[in-house]
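S.K.: This is the structure, below, for whatever I ask next.
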Amino acid sequence: MLIHNATVITWGKQNAVLPAHSAYIKKGRIEALGPDSQLEKEYAQEEKLDAGGQLLMPGNICAHTHFYGAYARGMAIPDPAPKDFPEILKRLWWPLDKALDEKSVRASALVHLIDAIKCGTTTLFDHHASPNFIDGSLDVIAETVEQTGLRAVLCYEVTDRDGNAKTQAGIRENVRFIERVRREKPAGGRLAALFGLHASLTLSDGTLDACRDALPADSGFHIHVAEHEADQEDSLAKSSVRVVPRLVKHGILGPRSITAHAVHVDAAEIEMLAASGAWVSHQPRSNMNNGVGAADIDALTTAGIQVCLGNDGFTQDMWAEWKAAYLLHKVWHRDPRKMNGTDLAKIAAQNNAALAAQSFPGASIGEVSVGARADLILVDYHPFTPLTAGNLPWQIVFGFQERMVTMTMVDGKVLMRERRLLQIDEAEMAAKALELAPEVWKRYNDYATRNT
């Protein structure tokens, strides 16, 4: 396919804005990129997609999400309202993940993936939990990824909070799925895996060691770190050290591991994170919603840590996450210079792309360049001020909306065209999810009531 009559946004290390350009897609890759006048002649006989002057750019990437949280939308937490993040965990998320069965795991993943297609998010790092449906849960989510045509990195959340048998089942599920993906994944596949851990506060020393010992070679962990002070308080009580040194001691951190949040890490921990090579994912909408504070992104990036952007299970509109990050740090520090657009673009575009490329080696992800994977979107954005590589971040923050995405493509396959989903019936999937919701909510309320 030749996508022509587009303004190409390349991202990559040297972002460029290329008006009147075309991209030729073959076998899931970008085979040629150049001016319309050149490529339209060269590929005159190929199928064409007229961009109509829209922006052609890489699909968005989400570095940390939770598909299983879909059924929290609109759900009432039994009174009184949780007063802090530990109560939110105990009274919302832990009862909800217990309420999930195979059908609701599938449905919650599908609604998030449909949202991702519509929002132009093409690669997602999911962190799953369903303690009453562990064995095979990642296979179910993988089936939804294959069904929707997106790209995803999956893991199961190991925790001690549901007893040793389920801890061991979670470990086995991670190892089994990592090995399955490695065994079955063809070159250029759309599935990858990490080893999921909940957080230091729900993991014993023995479990951390067991997970370290079970980790397949050349894999990494995906774990929540210091999202709230309670994680630090628990670590100090358990081991007399803070969370990051505890994880370092047990061999959890490394260049293939993702640490989500890192809101309450101190200067020494930041140095240790940097030395480990671990990635940090930042989720500003979630941090604001849970009232946990804001990570010190300046200190993290100054230390050399690769900070990425996730959404923690909010909508898969990553531009909304850009906007939240841009504003949160200004108000948190009372300094309008914080989280400037250039820094934000490095986090959300360049670093997210580098993280995705680590899980899907062999070709670039998150950029429009010859040889890169054809994970692309068309954006119906027609600026009334000059659009340049230099001011693109501010155009995104102040101008882009998810409704502007008209086409989503992954591996050269069009998943949405003219805002119409091609692979799946959105209304049918929403109806199936809705049909399951009353029973999920009933089971949730049964578990939540026991915790009040």
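In the structure tokens, each chain is lettered A, B, ... as it comes, each chain's residues begin at 1, and ligands are numbered from 1 in order of appearance.
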Pick out the residues sitting within 9 Å of Ser108 of chain A, and hand them over as a PDB file with C-alpha atoms, in the first residue's frame; count only C-alpha atoms, and ignore anything fewer than 5 positions along from it in its own chain.
M.R.:
ATOM      1  CA  PHE A  67      -6.828  -3.823  30.915  1.00  0.00           C
ATOM      2  CA  TYR A  68      -8.507  -5.586  33.835  1.00  0.00           C
ATOM      3  CA  GLY A  69      -9.554  -2.242  35.311  1.00  0.00           C
ATOM      4  CA  ALA A  70     -12.259  -1.730  32.680  1.00  0.00           C
ATOM      5  CA  TYR A  71     -15.038  -2.830  35.013  1.00  0.00           C
ATOM      6  CA  LYS A 103     -15.116 -14.084  30.315  1.00  0.00           C
ATOM      7  CA  LEU A 113      -7.947  -2.582  22.918  1.00  0.00           C
ATOM      8  CA  ALA A 433     -18.957  -6.559  28.239  1.00  0.00           C
TER       9      ALA A 433
END
S.K.: Within 9 Å of segment 340-345 of chain A, which residues of segment 363-401 of chain A come that close, and what is the closest atom pair and distance in Å for each? Count only C-alpha atoms and give it as CSV.
M.R.:
residue,atom,partner,partner_atom,distance
A:Gly390,CA,A:Thr342,CA,8.1
A:Asn391,CA,A:Gly341,CA,8.1
A:Leu392,CA,A:Gly341,CA,8.4
A:Pro393,CA,A:Gly341,CA,5.1
A:Trp394,CA,A:Gly341,CA,5.9
A:Val397,CA,A:Gly341,CA,8.1
S.K.: Let me see the file: selected residues, N, CA and C atoms, as a PDB file, in the first residue's frame.
M.R.:
ATOM      1  N   GLY A 390       9.950  21.577  15.777  1.00  0.00           N
ATOM      2  CA  GLY A 390      10.248  22.198  17.066  1.00  0.00           C
ATOM      3  C   GLY A 390       9.027  22.463  17.912  1.00  0.00           C
ATOM      4  N   ASN A 391       7.908  22.840  17.277  1.00  0.00           N
ATOM      5  CA  ASN A 391       6.736  23.175  18.099  1.00  0.00           C
ATOM      6  C   ASN A 391       5.693  22.069  18.152  1.00  0.00           C
ATOM      7  N   LEU A 392       5.976  20.911  17.542  1.00  0.00           N
ATOM      8  CA  LEU A 392       5.019  19.816  17.543  1.00  0.00           C
ATOM      9  C   LEU A 392       4.539  19.431  18.943  1.00  0.00           C
ATOM     10  N   PRO A 393       5.414  19.343  19.958  1.00  0.00           N
ATOM     11  CA  PRO A 393       4.909  18.969  21.284  1.00  0.00           C
ATOM     12  C   PRO A 393       3.815  19.896  21.796  1.00  0.00           C
ATOM     13  N   TRP A 394       3.953  21.185  21.542  1.00  0.00           N
ATOM     14  CA  TRP A 394       2.951  22.131  22.009  1.00  0.00           C
ATOM     15  C   TRP A 394       1.691  22.066  21.146  1.00  0.00           C
ATOM     16  N   VAL A 397      -0.115  19.120  22.768  1.00  0.00           N
ATOM     17  CA  VAL A 397      -0.691  19.433  24.082  1.00  0.00           C
ATOM     18  C   VAL A 397      -1.909  20.340  23.957  1.00  0.00           C
TER      19      VAL A 397
END
S.K.: Near Leu49 of chain A, within 10 Å and counting only C-alpha atoms, which residues show up once chain neighbours fewer than 3 positions away are dropped, as a ChimeraX atom specification?
M.R.: /A:1-6,22-23,46,52,417
S.K.: Include N, CA and C atoms and write out the residues we just selected as a PDB file, in the first residue's frame.
M.R.:
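Heads up, here's the output in again.pdb:
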ATOM      1  N   MET A   1       0.843  -1.197   0.000  1.00  0.00           N
ATOM      2  CA  MET A   1       0.000   0.000   0.000  1.00  0.00           C
ATOM      3  C   MET A   1       0.878   1.246   0.000  1.00  0.00           C
ATOM      4  N   LEU A   2       0.445   2.229  -0.786  1.00  0.00           N
ATOM      5  CA  LEU A   2       1.101   3.539  -0.780  1.00  0.00           C
ATOM      6  C   LEU A   2       0.173   4.531  -0.084  1.00  0.00           C
ATOM      7  N   ILE A   3       0.624   5.064   1.041  1.00  0.00           N
ATOM      8  CA  ILE A   3      -0.100   6.144   1.712  1.00  0.00           C
ATOM      9  C   ILE A   3       0.484   7.450   1.189  1.00  0.00           C
ATOM     10  N   HIS A   4      -0.344   8.237   0.519  1.00  0.00           N
ATOM     11  CA  HIS A   4       0.186   9.448  -0.129  1.00  0.00           C
ATOM     12  C   HIS A   4      -0.642  10.666   0.274  1.00  0.00           C
ATOM     13  N   ASN A   5      -0.175  11.825  -0.175  1.00  0.00           N
ATOM     14  CA  ASN A   5      -0.843  13.098   0.118  1.00  0.00           C
ATOM     15  C   ASN A   5      -0.938  13.330   1.621  1.00  0.00           C
ATOM     16  N   ALA A   6       0.171  13.091   2.313  1.00  0.00           N
ATOM     17  CA  ALA A   6       0.217  13.233   3.771  1.00  0.00           C
ATOM     18  C   ALA A   6       1.298  14.217   4.189  1.00  0.00           C
ATOM     19  N   SER A  22       4.840  10.658   0.943  1.00  0.00           N
ATOM     20  CA  SER A  22       4.212   9.346   0.856  1.00  0.00           C
ATOM     21  C   SER A  22       5.060   8.317   1.593  1.00  0.00           C
ATOM     22  N   ALA A  23       4.400   7.248   2.018  1.00  0.00           N
ATOM     23  CA  ALA A  23       5.099   6.105   2.606  1.00  0.00           C
ATOM     24  C   ALA A  23       4.588   4.844   1.929  1.00  0.00           C
ATOM     25  N   GLU A  46       0.364   0.237  -7.270  1.00  0.00           N
ATOM     26  CA  GLU A  46       0.049  -0.308  -5.948  1.00  0.00           C
ATOM     27  C   GLU A  46      -1.272   0.266  -5.407  1.00  0.00           C
ATOM     28  N   GLY A  52      -5.339  12.687   2.252  1.00  0.00           N
ATOM     29  CA  GLY A  52      -6.110  13.924   2.208  1.00  0.00           C
ATOM     30  C   GLY A  52      -5.480  15.073   2.963  1.00  0.00           C
ATOM     31  N   ARG A 417     -10.268   2.582   9.529  1.00  0.00           N
ATOM     32  CA  ARG A 417     -10.153   3.463   8.376  1.00  0.00           C
ATOM     33  C   ARG A 417     -11.374   4.375   8.344  1.00  0.00           C
TER      34      ARG A 417
END
S.K.: For the interface of segment 84-150 of chain A with segment 235-258 of chain A (cut-off 12 Å, counting only C-alpha atoms), please tabulate each contacting residue of segment 84-150 of chain A alongside its nearest pair of atoms and their separation in Å to one decimal, rows sorted by chain and increasing number, as a tab-separated table.
M.R.:
residue	atom	partner	partner_atom	distance
A:Phe125	CA	A:Ile258	CA	9.7
A:Asp126	CA	A:Ile258	CA	11.4
A:His127	CA	A:Ile258	CA	10.7
S.K.: Write the residues of the selection above to a file with N, CA and C atoms, as a JSON list (two decimals), in the first residue's frame.
M.R.:
[["chain", "number", "residue", "atom", "x", "y", "z"],
["A", 125, "PHE", "N", 1.79, -1.93, 27.04],
["A", 125, "PHE", "CA", 2.41, -2.77, 28.06],
["A", 125, "PHE", "C", 1.37, -2.99, 29.16],
["A", 126, "ASP", "N", 0.76, -4.18, 29.18],
["A", 126, "ASP", "CA", -0.31, -4.45, 30.14],
["A", 126, "ASP", "C", 0.23, -5.18, 31.37],
["A", 127, "HIS", "N", -0.40, -4.92, 32.50],
["A", 127, "HIS", "CA", -0.03, -5.52, 33.79],
["A", 127, "HIS", "C", -1.31, -6.12, 34.36]]
S.K.: Could you pull out the residues in segment 32-139 of chain A that DSSP calls helix (DSSP H, G or I) from the backbone, as number ranges by chain?
M.R.: A: 36-42, 67-72, 85-98, 102-119, 137-139
S.K.: Here is a test: counting only C-alpha atoms, which residue of A:Phe133, A:Glu229, A:Gly170, A:Trp279 is nearest to Ala303 of chain A?
M.R.: A:Trp279
S.K.: From a DSSP pass on the backbone, collect the residues of segment 97-224 of chain A flagged as strand (DSSP E) and hand them back as a list in words.
M.R.: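 So, restricting segment 97-224 of chain A to strand (DSSP E), we get Thr121, Thr122, Thr123, Leu124, Phe125, Asp126, Arg151, Ala152, Val153, Leu154, Leu191, Ala192, Ala193, Phe195, Gly196, Leu197, His198, Ala199, Phe221, His222, Ile223 and His224 of chain A.
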